[in-house]
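Enquirer: Below: one structure in structure tokens.
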Amino acid sequence: MHSFVRKVKQYIDRYRLIEKEERLLIACSGGTDSVAIVLAMKELESFYHCELGIVHTDHQLRGKESAEDMEFVKELANQLNLPFYSAALEVMRRVEEEGGNVQVICREERYAFFNHVMNTNSYDKLLLGHHADDQIETVLMSLIRGTNSSTITGIPKKRPFSRGQIIRPFLGVTKQEIEEYLLDKNQLHRHDPSNDKHTYTRNRIRHRLVPLLKEENPNVSDRIMNFVEKQLQDEEYLQEVANEKYEQLVTVNEEGGFVIDSVSFSTVPIALQRRVILLLLEYLYKNSDILLNDRMIESILTACNNHDGNTVLNLPNAVTLTRHYNHIQFTPYHKEPVVSQEIVMKEDCWIDCGAGFFIYLTRNLTDQITGEKYFVQLEGESLPLTIRQKTQGDRIHIKGMSSSKKVSRLFIDEKISPEARLSWPLLVTAKNDIIAVIGLRYGEQFSKQYNSQNYVMYLKRINH
Ligand SMILES: Nc1ncnc2c1ncn2[C@@H]1O[C@H](COP(=O)(O)OP(=O)(O)OP(=O)(O)O)[C@@H](O)[C@H]1O
């Protein structure tokens, strides 16, 4: 057995990633990592008495090249005599119809197909090619950008998926080891598309930070793997205790509010307080796109532990936290979110539309008024315009896109914080068409050229 494969096997056995006689589906993009996983698993096939299959998706984003990737993986499956499943996914059509981030849609479509193949062909596990360097990058990204969870646990080596699990047997080996193994095997692979699509932050970490760390300590990936492993073990235990504490501390009253006794709460260590609050928030926001962040959790903890005076805290989606003596209550708001502010736009005056924007609507192009200039084509029945916050189901027809896009999706794609989303001003016509998410994206009614029939909208940003 090749020494590389022996190392992979040790990792698999240590964490019991594979049991004997399982049906294993390998997701192979054709890049270095997933081709190496195919070869390594082929070497381990007889040991685990497993049945292997290969799945590939073509996202049709790189024309001829991505069709060639598919052919390459198909050929590899043929050579190794393994079943091959593939799909050409219509990613761009979905992007045009719904808008949204291309990589996110690729991922959704890819995983939907993996799920389909697992179900229809009774596979137990899906194998992905993430390796130790991916893990270092992920851990560093979480440290640098912050994370809402209490611990840094990185990419999981196994997690539930479809009718079984996703497993990542390469998390114990580095990219360099993978490349050396493929060289030894004289195995070709395709260009690794993962390098092209990663965010700038990940690429900077990969190309600048990781080499420096490796220079300091060539075994840094082992150190990080150990660190992640211990964190995971601690986290598992703390989660178990936090679940028990949650049961003891949180009760539900008749109005559907969640109640905690602050005296009992304050006797609990902060590590458990934080996890209990996280469990509660995950429950309160389970069907929303609200992202829980550290700041929000810390302000809740401060409010819960502050014993002088009563406190009211307004949380996203109109959830309120009230502390009255020893009684802490989280009250979810069950109705549709209310429109907290509606302003009718009048011509020829500056209007404060909230969230740090002032706008001015006029018929005349003038140099007297400073600010970003926009030209808007408005029919009589569109007027008057109003400014309001987002309500459920709002959509905007963005200029240059063939179909409308959900405003909530736009906020996610533009990385607008959950709190800011609640107060972000939308410009709305009398027919309730959203024509602008102010300062962010503009509708098809906006044009580049001025003509005398157009309105001119000036925009000033304050505190931005
Ligand atoms: N087009 C594809 N067809 C089959 N498998 C793929 C494809 N793209 C990626 N994979 C699988 O996913 C693994 C991770 O790929 P990559 O790093 O490009 O994705 P990612 O976006 O970082 O991760 P994730 O898939 O978890 O979102 C690959 O090693 C491979 O196993």
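In the structure tokens, the first chain shown is A, the next is B, and so on; residue numbers restart at 1 for each chain, and ligands run from 1 in the order shown.
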Tell me, counting only C-alpha atoms and all ligand atoms, for each residue of chain A within 9 Å of ligand 1, which pair of atoms is nearest and how far apart they are in Å to one decimal, in rows ordered by chain and increasing number, as a Markdown table.
Expert:
```
| residue | atom | partner | partner_atom_place_in_ligand_line | distance |
| --- | --- | --- | --- | --- |
| A:Ile26 | CA | ligand 1 | 31 (O) | 6.7 |
| A:Ala27 | CA | ligand 1 | 5 (N) | 3.8 |
| A:Cys28 | CA | ligand 1 | 5 (N) | 4.1 |
| A:Ser29 | CA | ligand 1 | 2 (C) | 3.8 |
| A:Gly30 | CA | ligand 1 | 3 (N) | 7.4 |
| A:Gly31 | CA | ligand 1 | 29 (O) | 7.3 |
| A:Thr32 | CA | ligand 1 | 29 (O) | 8.1 |
| A:Asp33 | CA | ligand 1 | 29 (O) | 5.4 |
| A:Ser34 | CA | ligand 1 | 29 (O) | 4.6 |
| A:Val35 | CA | ligand 1 | 29 (O) | 8.3 |
| A:Ile37 | CA | ligand 1 | 31 (O) | 8.0 |
| A:Ile54 | CA | ligand 1 | 4 (C) | 8.2 |
| A:Val55 | CA | ligand 1 | 4 (C) | 5.7 |
| A:His56 | CA | ligand 1 | 3 (N) | 3.7 |
| A:Thr57 | CA | ligand 1 | 3 (N) | 4.1 |
| A:Asp58 | CA | ligand 1 | 1 (N) | 5.4 |
| A:His59 | CA | ligand 1 | 1 (N) | 6.6 |
| A:Ser66 | CA | ligand 1 | 1 (N) | 8.7 |
| A:Asp69 | CA | ligand 1 | 1 (N) | 8.6 |
| A:Met70 | CA | ligand 1 | 3 (N) | 8.3 |
| A:Ser86 | CA | ligand 1 | 3 (N) | 8.1 |
| A:Ala87 | CA | ligand 1 | 3 (N) | 9.0 |
| A:Gln103 | CA | ligand 1 | 21 (O) | 7.5 |
| A:Val104 | CA | ligand 1 | 27 (O) | 8.1 |
| A:Cys106 | CA | ligand 1 | 1 (N) | 8.6 |
| A:Arg107 | CA | ligand 1 | 27 (O) | 5.8 |
| A:Glu108 | CA | ligand 1 | 27 (O) | 8.7 |
| A:Arg110 | CA | ligand 1 | 2 (C) | 6.9 |
| A:Tyr111 | CA | ligand 1 | 25 (O) | 7.9 |
| A:Phe114 | CA | ligand 1 | 4 (C) | 8.3 |
| A:Leu126 | CA | ligand 1 | 31 (O) | 8.7 |
| A:Leu127 | CA | ligand 1 | 31 (O) | 6.4 |
| A:Leu128 | CA | ligand 1 | 31 (O) | 3.5 |
| A:Gly129 | CA | ligand 1 | 29 (O) | 3.2 |
| A:His130 | CA | ligand 1 | 29 (O) | 5.2 |
| A:His131 | CA | ligand 1 | 29 (O) | 8.2 |
| A:Asp134 | CA | ligand 1 | 17 (O) | 7.7 |
| A:Ile155 | CA | ligand 1 | 26 (O) | 8.4 |
| A:Arg168 | CA | ligand 1 | 31 (O) | 8.5 |
| A:Asp192 | CA | ligand 1 | 18 (O) | 7.8 |
| A:Pro193 | CA | ligand 1 | 18 (O) | 6.4 |
| A:Ser194 | CA | ligand 1 | 18 (O) | 3.9 |
| A:Asn195 | CA | ligand 1 | 18 (O) | 7.6 |
| A:Lys197 | CA | ligand 1 | 18 (O) | 7.7 |
| A:His198 | CA | ligand 1 | 22 (O) | 7.3 |
```
Enquirer: Can you spit out the residues from that selection as a CSV table (one decimal), in the first residue's frame, using N, CA and C atoms?
Expert:
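Just written: part.csv:
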```
chain,number,residue,atom,x,y,z
A,26,ILE,N,-18.1,8.8,-4.6
A,26,ILE,CA,-17.0,9.8,-4.5
A,26,ILE,C,-17.4,11.0,-5.4
A,27,ALA,N,-17.5,12.2,-4.9
A,27,ALA,CA,-17.7,13.4,-5.7
A,27,ALA,C,-16.4,13.8,-6.3
A,28,CYS,N,-16.3,13.7,-7.6
A,28,CYS,CA,-15.1,14.0,-8.3
A,28,CYS,C,-15.3,15.1,-9.3
A,29,SER,N,-14.6,16.2,-9.1
A,29,SER,CA,-14.7,17.4,-10.0
A,29,SER,C,-13.7,17.2,-11.2
A,30,GLY,N,-12.7,16.3,-11.0
A,30,GLY,CA,-11.7,16.2,-12.0
A,30,GLY,C,-10.4,16.9,-11.5
A,31,GLY,N,-10.5,17.7,-10.4
A,31,GLY,CA,-9.3,18.4,-9.9
A,31,GLY,C,-8.4,17.4,-9.1
A,32,THR,N,-7.2,17.9,-8.7
A,32,THR,CA,-6.3,17.1,-8.0
A,32,THR,C,-6.8,16.3,-6.8
A,33,ASP,N,-7.6,17.0,-5.9
A,33,ASP,CA,-8.0,16.4,-4.7
A,33,ASP,C,-8.9,15.2,-4.9
A,34,SER,N,-9.9,15.5,-5.7
A,34,SER,CA,-11.0,14.5,-5.8
A,34,SER,C,-10.5,13.3,-6.8
A,35,VAL,N,-9.6,13.6,-7.7
A,35,VAL,CA,-9.0,12.5,-8.5
A,35,VAL,C,-8.2,11.6,-7.5
A,37,ILE,N,-8.6,11.2,-4.4
A,37,ILE,CA,-9.5,10.4,-3.5
A,37,ILE,C,-10.0,9.1,-4.2
A,54,ILE,N,-18.8,7.0,-8.7
A,54,ILE,CA,-18.3,8.3,-8.9
A,54,ILE,C,-19.4,9.2,-9.4
A,55,VAL,N,-19.5,10.4,-8.8
A,55,VAL,CA,-20.5,11.4,-9.3
A,55,VAL,C,-19.8,12.7,-9.7
A,56,HIS,N,-20.3,13.3,-10.8
A,56,HIS,CA,-19.7,14.5,-11.3
A,56,HIS,C,-20.8,15.5,-11.8
A,57,THR,N,-20.7,16.8,-11.5
A,57,THR,CA,-21.7,17.7,-12.0
A,57,THR,C,-20.9,18.7,-12.9
A,58,ASP,N,-21.6,19.0,-14.0
A,58,ASP,CA,-21.0,20.1,-14.9
A,58,ASP,C,-21.9,21.3,-14.7
A,59,HIS,N,-21.4,22.4,-14.2
A,59,HIS,CA,-22.2,23.6,-13.9
A,59,HIS,C,-22.3,24.4,-15.2
A,66,SER,N,-15.6,22.8,-19.3
A,66,SER,CA,-16.3,22.1,-18.2
A,66,SER,C,-16.9,20.8,-18.8
A,69,ASP,N,-14.1,18.4,-18.6
A,69,ASP,CA,-13.9,17.9,-17.3
A,69,ASP,C,-14.8,16.7,-17.1
A,70,MET,N,-16.0,16.8,-17.5
A,70,MET,CA,-17.0,15.7,-17.4
A,70,MET,C,-16.5,14.4,-18.1
A,86,SER,N,-23.7,11.5,-13.7
A,86,SER,CA,-23.3,12.9,-14.0
A,86,SER,C,-24.6,13.6,-14.4
A,87,ALA,N,-24.5,15.0,-14.3
A,87,ALA,CA,-25.6,15.8,-14.7
A,87,ALA,C,-25.0,17.1,-15.2
A,103,GLN,N,-22.0,31.0,-7.2
A,103,GLN,CA,-21.4,29.9,-6.5
A,103,GLN,C,-22.3,29.2,-5.5
A,104,VAL,N,-23.2,30.0,-4.9
A,104,VAL,CA,-24.2,29.5,-3.9
A,104,VAL,C,-25.1,28.6,-4.7
A,106,CYS,N,-24.6,27.1,-7.6
A,106,CYS,CA,-23.9,25.9,-8.1
A,106,CYS,C,-23.9,24.9,-7.0
A,107,ARG,N,-23.6,25.3,-5.7
A,107,ARG,CA,-23.5,24.4,-4.6
A,107,ARG,C,-24.8,23.8,-4.3
A,108,GLU,N,-25.9,24.6,-4.3
A,108,GLU,CA,-27.2,24.0,-4.0
A,108,GLU,C,-27.6,22.9,-5.1
A,110,ARG,N,-25.5,21.3,-7.1
A,110,ARG,CA,-24.6,20.1,-7.0
A,110,ARG,C,-25.0,19.2,-5.9
A,111,TYR,N,-25.3,19.7,-4.7
A,111,TYR,CA,-25.7,18.9,-3.6
A,111,TYR,C,-27.1,18.2,-3.8
A,114,PHE,N,-26.2,15.2,-5.9
A,114,PHE,CA,-25.6,14.2,-5.1
A,114,PHE,C,-26.6,13.5,-4.2
A,126,LEU,N,-21.1,10.0,1.0
A,126,LEU,CA,-20.6,10.8,-0.1
A,126,LEU,C,-19.2,11.3,0.4
A,127,LEU,N,-18.2,11.0,-0.5
A,127,LEU,CA,-16.8,11.4,-0.1
A,127,LEU,C,-16.4,12.7,-0.8
A,128,LEU,N,-15.9,13.7,-0.1
A,128,LEU,CA,-15.5,14.9,-0.7
A,128,LEU,C,-14.0,15.1,-0.5
A,129,GLY,N,-13.3,15.9,-1.3
A,129,GLY,CA,-11.9,15.9,-1.4
A,129,GLY,C,-11.2,17.0,-0.5
A,130,HIS,N,-12.0,17.7,0.4
A,130,HIS,CA,-11.3,18.7,1.3
A,130,HIS,C,-10.2,18.1,2.0
A,131,HIS,N,-9.1,18.9,2.1
A,131,HIS,CA,-7.9,18.4,2.8
A,131,HIS,C,-7.4,19.4,3.9
A,134,ASP,N,-7.3,23.1,3.2
A,134,ASP,CA,-8.6,23.7,3.3
A,134,ASP,C,-9.0,24.0,4.7
A,155,ILE,N,-13.9,22.6,9.1
A,155,ILE,CA,-14.7,21.8,8.3
A,155,ILE,C,-14.9,20.4,9.0
A,168,ARG,N,-15.1,13.3,4.8
A,168,ARG,CA,-13.9,13.9,4.2
A,168,ARG,C,-12.6,13.2,4.6
A,192,ASP,N,-7.7,22.7,-11.4
A,192,ASP,CA,-8.5,22.7,-10.2
A,192,ASP,C,-9.4,24.0,-10.1
A,193,PRO,N,-10.7,23.8,-10.4
A,193,PRO,CA,-11.6,25.0,-10.5
A,193,PRO,C,-11.7,25.7,-9.2
A,194,SER,N,-11.5,25.0,-8.1
A,194,SER,CA,-11.8,25.6,-6.8
A,194,SER,C,-10.9,26.8,-6.5
A,195,ASN,N,-9.7,26.8,-7.2
A,195,ASN,CA,-8.8,28.0,-7.0
A,195,ASN,C,-9.4,29.3,-7.5
A,197,LYS,N,-12.6,30.1,-7.8
A,197,LYS,CA,-13.9,30.6,-7.3
A,197,LYS,C,-13.9,31.1,-5.9
A,198,HIS,N,-12.7,30.8,-5.2
A,198,HIS,CA,-12.7,31.2,-3.8
A,198,HIS,C,-12.7,32.7,-3.6
```
Enquirer: Pick out the residues sitting within 10 Å of Asn115 (chain A), and hand them over as a PyMOL selection string; count only C-alpha atoms, and ignore anything fewer than 2 positions along from it in its own chain.
Expert: chain A and resi 109-113+117-120+123+126+161-164
Enquirer: Check region 188-424 of chain A with DSSP on the backbone and list each residue it calls helix (DSSP H, G or I), as an NGL selection string.
Expert: :A and (194-197 or 200-216 or 220-249 or 262-266 or 270-284 or 294-305 or 316-318 or 380-382 or 407-413 or 418-423)
Enquirer: Hey, what's within 7 Å of region 265-276 of chain A if we count only C-alpha atoms and toss same-chain stuff fewer than 5 positions away? As a PyMOL selection string, please?
Expert: chain A and resi 242+246+249+305
Enquirer: Please provide as JSON, numbers by chain all residues within 10 Å of Val407 (chain A), with the sequence filter that same-chain residues fewer than 6 positions apart are discarded (counting only C-alpha atoms).
Expert: {"A": [390, 391, 392, 393, 394, 395, 396, 397, 413, 421, 426, 434, 436, 437, 441]}
Enquirer: Write out, as a PDB file, in the first residue's frame, the residues just selected, with N, CA and C atoms.
Expert:
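Once everything was written out, this is result-v4.pdb:
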```
ATOM      1  N   LYS A 390     -38.600  46.965   4.160  1.00  0.00           N
ATOM      2  CA  LYS A 390     -38.964  45.724   3.500  1.00  0.00           C
ATOM      3  C   LYS A 390     -40.117  45.022   4.223  1.00  0.00           C
ATOM      4  N   THR A 391     -41.016  44.471   3.445  1.00  0.00           N
ATOM      5  CA  THR A 391     -42.009  43.563   4.035  1.00  0.00           C
ATOM      6  C   THR A 391     -41.831  42.210   3.340  1.00  0.00           C
ATOM      7  N   GLN A 392     -42.502  41.207   3.897  1.00  0.00           N
ATOM      8  CA  GLN A 392     -42.294  39.862   3.379  1.00  0.00           C
ATOM      9  C   GLN A 392     -42.706  39.760   1.912  1.00  0.00           C
ATOM     10  N   GLY A 393     -41.916  39.096   1.103  1.00  0.00           N
ATOM     11  CA  GLY A 393     -42.278  38.847  -0.291  1.00  0.00           C
ATOM     12  C   GLY A 393     -41.908  39.984  -1.244  1.00  0.00           C
ATOM     13  N   ASP A 394     -41.302  41.073  -0.749  1.00  0.00           N
ATOM     14  CA  ASP A 394     -40.924  42.186  -1.634  1.00  0.00           C
ATOM     15  C   ASP A 394     -39.931  41.740  -2.701  1.00  0.00           C
ATOM     16  N   ARG A 395     -40.149  42.216  -3.926  1.00  0.00           N
ATOM     17  CA  ARG A 395     -39.222  41.882  -5.018  1.00  0.00           C
ATOM     18  C   ARG A 395     -38.884  43.147  -5.781  1.00  0.00           C
ATOM     19  N   ILE A 396     -37.744  43.141  -6.444  1.00  0.00           N
ATOM     20  CA  ILE A 396     -37.371  44.302  -7.264  1.00  0.00           C
ATOM     21  C   ILE A 396     -36.896  43.809  -8.629  1.00  0.00           C
ATOM     22  N   HIS A 397     -37.292  44.547  -9.652  1.00  0.00           N
ATOM     23  CA  HIS A 397     -36.822  44.233 -10.998  1.00  0.00           C
ATOM     24  C   HIS A 397     -35.562  45.055 -11.244  1.00  0.00           C
ATOM     25  N   ASP A 413     -27.055  38.619  -0.469  1.00  0.00           N
ATOM     26  CA  ASP A 413     -25.949  38.651  -1.436  1.00  0.00           C
ATOM     27  C   ASP A 413     -25.043  39.859  -1.221  1.00  0.00           C
ATOM     28  N   ARG A 421     -30.943  45.288   7.629  1.00  0.00           N
ATOM     29  CA  ARG A 421     -31.996  44.921   6.664  1.00  0.00           C
ATOM     30  C   ARG A 421     -33.357  45.429   7.121  1.00  0.00           C
ATOM     31  N   LEU A 426     -36.558  51.431   1.093  1.00  0.00           N
ATOM     32  CA  LEU A 426     -36.890  51.044  -0.280  1.00  0.00           C
ATOM     33  C   LEU A 426     -37.713  52.174  -0.895  1.00  0.00           C
ATOM     34  N   ILE A 434     -41.375  48.141  -6.183  1.00  0.00           N
ATOM     35  CA  ILE A 434     -40.137  48.649  -5.579  1.00  0.00           C
ATOM     36  C   ILE A 434     -39.196  49.038  -6.708  1.00  0.00           C
ATOM     37  N   ALA A 436     -36.239  50.965  -6.084  1.00  0.00           N
ATOM     38  CA  ALA A 436     -34.837  51.053  -5.643  1.00  0.00           C
ATOM     39  C   ALA A 436     -34.690  50.551  -4.220  1.00  0.00           C
ATOM     40  N   VAL A 437     -33.578  49.861  -4.005  1.00  0.00           N
ATOM     41  CA  VAL A 437     -33.157  49.580  -2.636  1.00  0.00           C
ATOM     42  C   VAL A 437     -32.063  50.620  -2.446  1.00  0.00           C
ATOM     43  N   ARG A 441     -29.159  48.916  -4.903  1.00  0.00           N
ATOM     44  CA  ARG A 441     -29.456  48.508  -6.282  1.00  0.00           C
ATOM     45  C   ARG A 441     -30.658  49.286  -6.788  1.00  0.00           C
TER      46      ARG A 441
END
```
Enquirer: As an mmCIF file with N, CA and C atoms, in the first residue's frame, please: the residues near Glu444 (chain A) (cut-off 10 Å, only C-alpha atoms, same-chain neighbours under 4 positions excluded).
Expert:
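Everything below was put into selection_37.cif:
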```cif
data_model
loop_
_atom_site.group_PDB
_atom_site.id
_atom_site.type_symbol
_atom_site.label_atom_id
_atom_site.label_comp_id
_atom_site.auth_asym_id
_atom_site.auth_seq_id
_atom_site.Cartn_x
_atom_site.Cartn_y
_atom_site.Cartn_z
ATOM 1 N N VAL A 376 -34.557 59.039 -13.251
ATOM 2 C CA VAL A 376 -35.638 58.066 -13.097
ATOM 3 C C VAL A 376 -36.777 58.407 -14.048
ATOM 4 N N GLN A 377 -37.247 57.355 -14.730
ATOM 5 C CA GLN A 377 -38.377 57.539 -15.628
ATOM 6 C C GLN A 377 -39.632 57.137 -14.867
ATOM 7 N N ILE A 396 -37.744 43.141 -6.444
ATOM 8 C CA ILE A 396 -37.371 44.302 -7.264
ATOM 9 C C ILE A 396 -36.896 43.809 -8.629
ATOM 10 N N HIS A 397 -37.292 44.547 -9.652
ATOM 11 C CA HIS A 397 -36.822 44.233 -10.998
ATOM 12 C C HIS A 397 -35.562 45.055 -11.244
ATOM 13 N N ILE A 398 -34.407 44.431 -11.037
ATOM 14 C CA ILE A 398 -33.150 45.185 -11.146
ATOM 15 C C ILE A 398 -32.802 45.393 -12.609
ATOM 16 N N LYS A 399 -32.269 46.574 -12.881
ATOM 17 C CA LYS A 399 -31.896 46.910 -14.246
ATOM 18 C C LYS A 399 -30.903 45.880 -14.796
ATOM 19 N N GLY A 400 -31.182 45.401 -15.997
ATOM 20 C CA GLY A 400 -30.255 44.461 -16.637
ATOM 21 C C GLY A 400 -30.536 43.009 -16.306
ATOM 22 N N MET A 401 -31.500 42.764 -15.423
ATOM 23 C CA MET A 401 -31.822 41.366 -15.112
ATOM 24 C C MET A 401 -33.164 41.006 -15.722
ATOM 25 N N ILE A 435 -38.781 50.294 -6.729
ATOM 26 C CA ILE A 435 -37.925 50.706 -7.843
ATOM 27 C C ILE A 435 -36.479 50.918 -7.401
ATOM 28 N N ALA A 436 -36.239 50.965 -6.084
ATOM 29 C CA ALA A 436 -34.837 51.053 -5.643
ATOM 30 C C ALA A 436 -34.690 50.551 -4.220
#
```
Enquirer: Set the distance at 10 Å and use only C-alpha atoms: which residues neighbour Pro316 (chain A) once local chain neighbours fewer than 2 positions away are removed? I'd like the list as a PyMOL selection string.
Expert: chain A and resi 285+290-292+296+313-314+318-320+332-333+418-422
Enquirer: Among region 270-448 of chain A, which residues carry a DSSP assignment of strand (DSSP E or B), reported as a PyMOL selection string?
Expert: chain A and resi 311-315+319-324+327-331+342-344+347+350-352+357-362+372-376+386-388+395-396+398+405-406+426-428+434-437+441-443+446-447
Enquirer: Pull C-alpha atoms from the residues just selected and write them as a compact mmCIF listing (two decimals), in the first residue's frame.
Expert:
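What ended up in part.txt:
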```
# COMPACT_ATOMS: atom_id res chain seq x y z
CA THR A 311 -34.31 46.28 30.56
CA VAL A 312 -35.95 46.12 27.15
CA LEU A 313 -33.94 45.02 24.13
CA ASN A 314 -35.31 45.04 20.60
CA LEU A 315 -34.01 42.10 18.60
CA VAL A 319 -38.48 39.81 18.94
CA THR A 320 -38.22 41.67 22.24
CA LEU A 321 -36.29 40.80 25.35
CA THR A 322 -37.67 42.27 28.57
CA ARG A 323 -36.14 41.89 31.99
CA HIS A 324 -38.43 42.75 34.83
CA HIS A 327 -38.07 37.59 35.03
CA ILE A 328 -36.37 37.51 31.60
CA GLN A 329 -38.75 37.10 28.69
CA PHE A 330 -38.16 36.72 24.95
CA THR A 331 -41.37 37.58 23.10
CA GLU A 342 -43.51 55.31 5.51
CA ILE A 343 -42.53 58.63 3.99
CA VAL A 344 -44.19 60.17 0.96
CA GLU A 347 -40.53 66.99 -5.17
CA TRP A 350 -34.39 66.76 0.89
CA ILE A 351 -35.94 63.81 2.70
CA ASP A 352 -34.29 61.78 5.40
CA PHE A 357 -29.54 58.26 3.37
CA PHE A 358 -31.03 61.58 2.31
CA ILE A 359 -32.69 61.91 -1.08
CA TYR A 360 -33.93 64.77 -3.16
CA LEU A 361 -36.37 64.35 -6.05
CA THR A 362 -36.68 67.04 -8.67
CA GLU A 372 -24.93 61.07 -6.38
CA LYS A 373 -27.20 61.70 -9.37
CA TYR A 374 -29.77 59.22 -10.73
CA PHE A 375 -32.26 59.68 -13.57
CA VAL A 376 -35.64 58.07 -13.10
CA THR A 386 -43.00 56.45 -0.86
CA ILE A 387 -40.13 55.21 1.23
CA ARG A 388 -40.64 52.25 3.46
CA ARG A 395 -39.22 41.88 -5.02
CA ILE A 396 -37.37 44.30 -7.26
CA ILE A 398 -33.15 45.18 -11.15
CA LYS A 405 -35.28 39.35 -7.43
CA LYS A 406 -36.32 38.99 -3.82
CA LEU A 426 -36.89 51.04 -0.28
CA LEU A 427 -38.26 53.45 -2.86
CA VAL A 428 -41.77 52.36 -3.81
CA ILE A 434 -40.14 48.65 -5.58
CA ILE A 435 -37.92 50.71 -7.84
CA ALA A 436 -34.84 51.05 -5.64
CA VAL A 437 -33.16 49.58 -2.64
CA ARG A 441 -29.46 48.51 -6.28
CA TYR A 442 -31.72 50.36 -8.72
CA GLY A 443 -34.63 49.19 -10.80
CA PHE A 446 -33.43 54.19 -13.75
CA SER A 447 -31.48 55.29 -16.79
```
Enquirer: Do a neighbour search on Leu365 (chain A) at 12 Å with only C-alpha atoms, toss out local chain neighbours closer than 6 positions, and write the hits as a ChimeraX atom specification.
Expert: /A:348,373-376,449-458
Enquirer: Next, dump the selected residues to file, keeping only C-alpha atoms, as a compact mmCIF listing (two decimals), in the first residue's frame.
Expert:
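Saved to out-v1.txt:
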```txt
# COMPACT_ATOMS: atom_id res chain seq x y z
CA ASP A 348 -37.85 69.57 -4.53
CA LYS A 373 -27.20 61.70 -9.37
CA TYR A 374 -29.77 59.22 -10.73
CA PHE A 375 -32.26 59.68 -13.57
CA VAL A 376 -35.64 58.07 -13.10
CA GLN A 449 -29.07 59.49 -19.62
CA TYR A 450 -30.92 62.59 -18.67
CA ASN A 451 -33.85 63.75 -20.73
CA SER A 452 -36.23 66.48 -19.81
CA GLN A 453 -39.06 64.04 -19.05
CA ASN A 454 -37.00 62.23 -16.41
CA TYR A 455 -36.95 62.98 -12.73
CA VAL A 456 -33.58 63.49 -11.12
CA MET A 457 -32.87 61.85 -7.81
CA TYR A 458 -29.95 63.08 -5.73
```
Enquirer: Looking at A:Arg363, A:Lys185, A:Lys214, A:Lys157, which one is nearest to Tyr11 (chain A), with distances taken over only C-alpha atoms?
Expert: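 Smallest separation from Tyr11 (chain A) among the options: A:Lys157.
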Enquirer: For CA of Val241 (chain A) and CA of Glu282 (chain A), determine how far apart the two atoms are, in Å to one decimal place.
Expert: 16.9 Å
Enquirer: Between A:Gln165, A:Arg202, A:Ala67, A:Gly354, which one has atoms that come closest to Lys460 (chain A), using only C-alpha atoms?
Expert: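 Among A:Gln165, A:Arg202, A:Ala67, A:Gly354, it is A:Gly354 that comes nearest to Lys460 (chain A).
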Enquirer: Calculated over only C-alpha atoms, which of the candidates A:Gly146, A:Asn306, A:Lys230, A:Tyr48 has the smallest distance to Asp294 (chain A)?
Expert: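 For Asp294 (chain A), the nearest of the given residues is A:Gly146.
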Enquirer: I'd like the interatomic distance between CA of Leu459 (chain A) and CA of Gln445 (chain A), to a tenth of an Å.
Expert: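 Here the two named atoms are 16.2 Å from each other.
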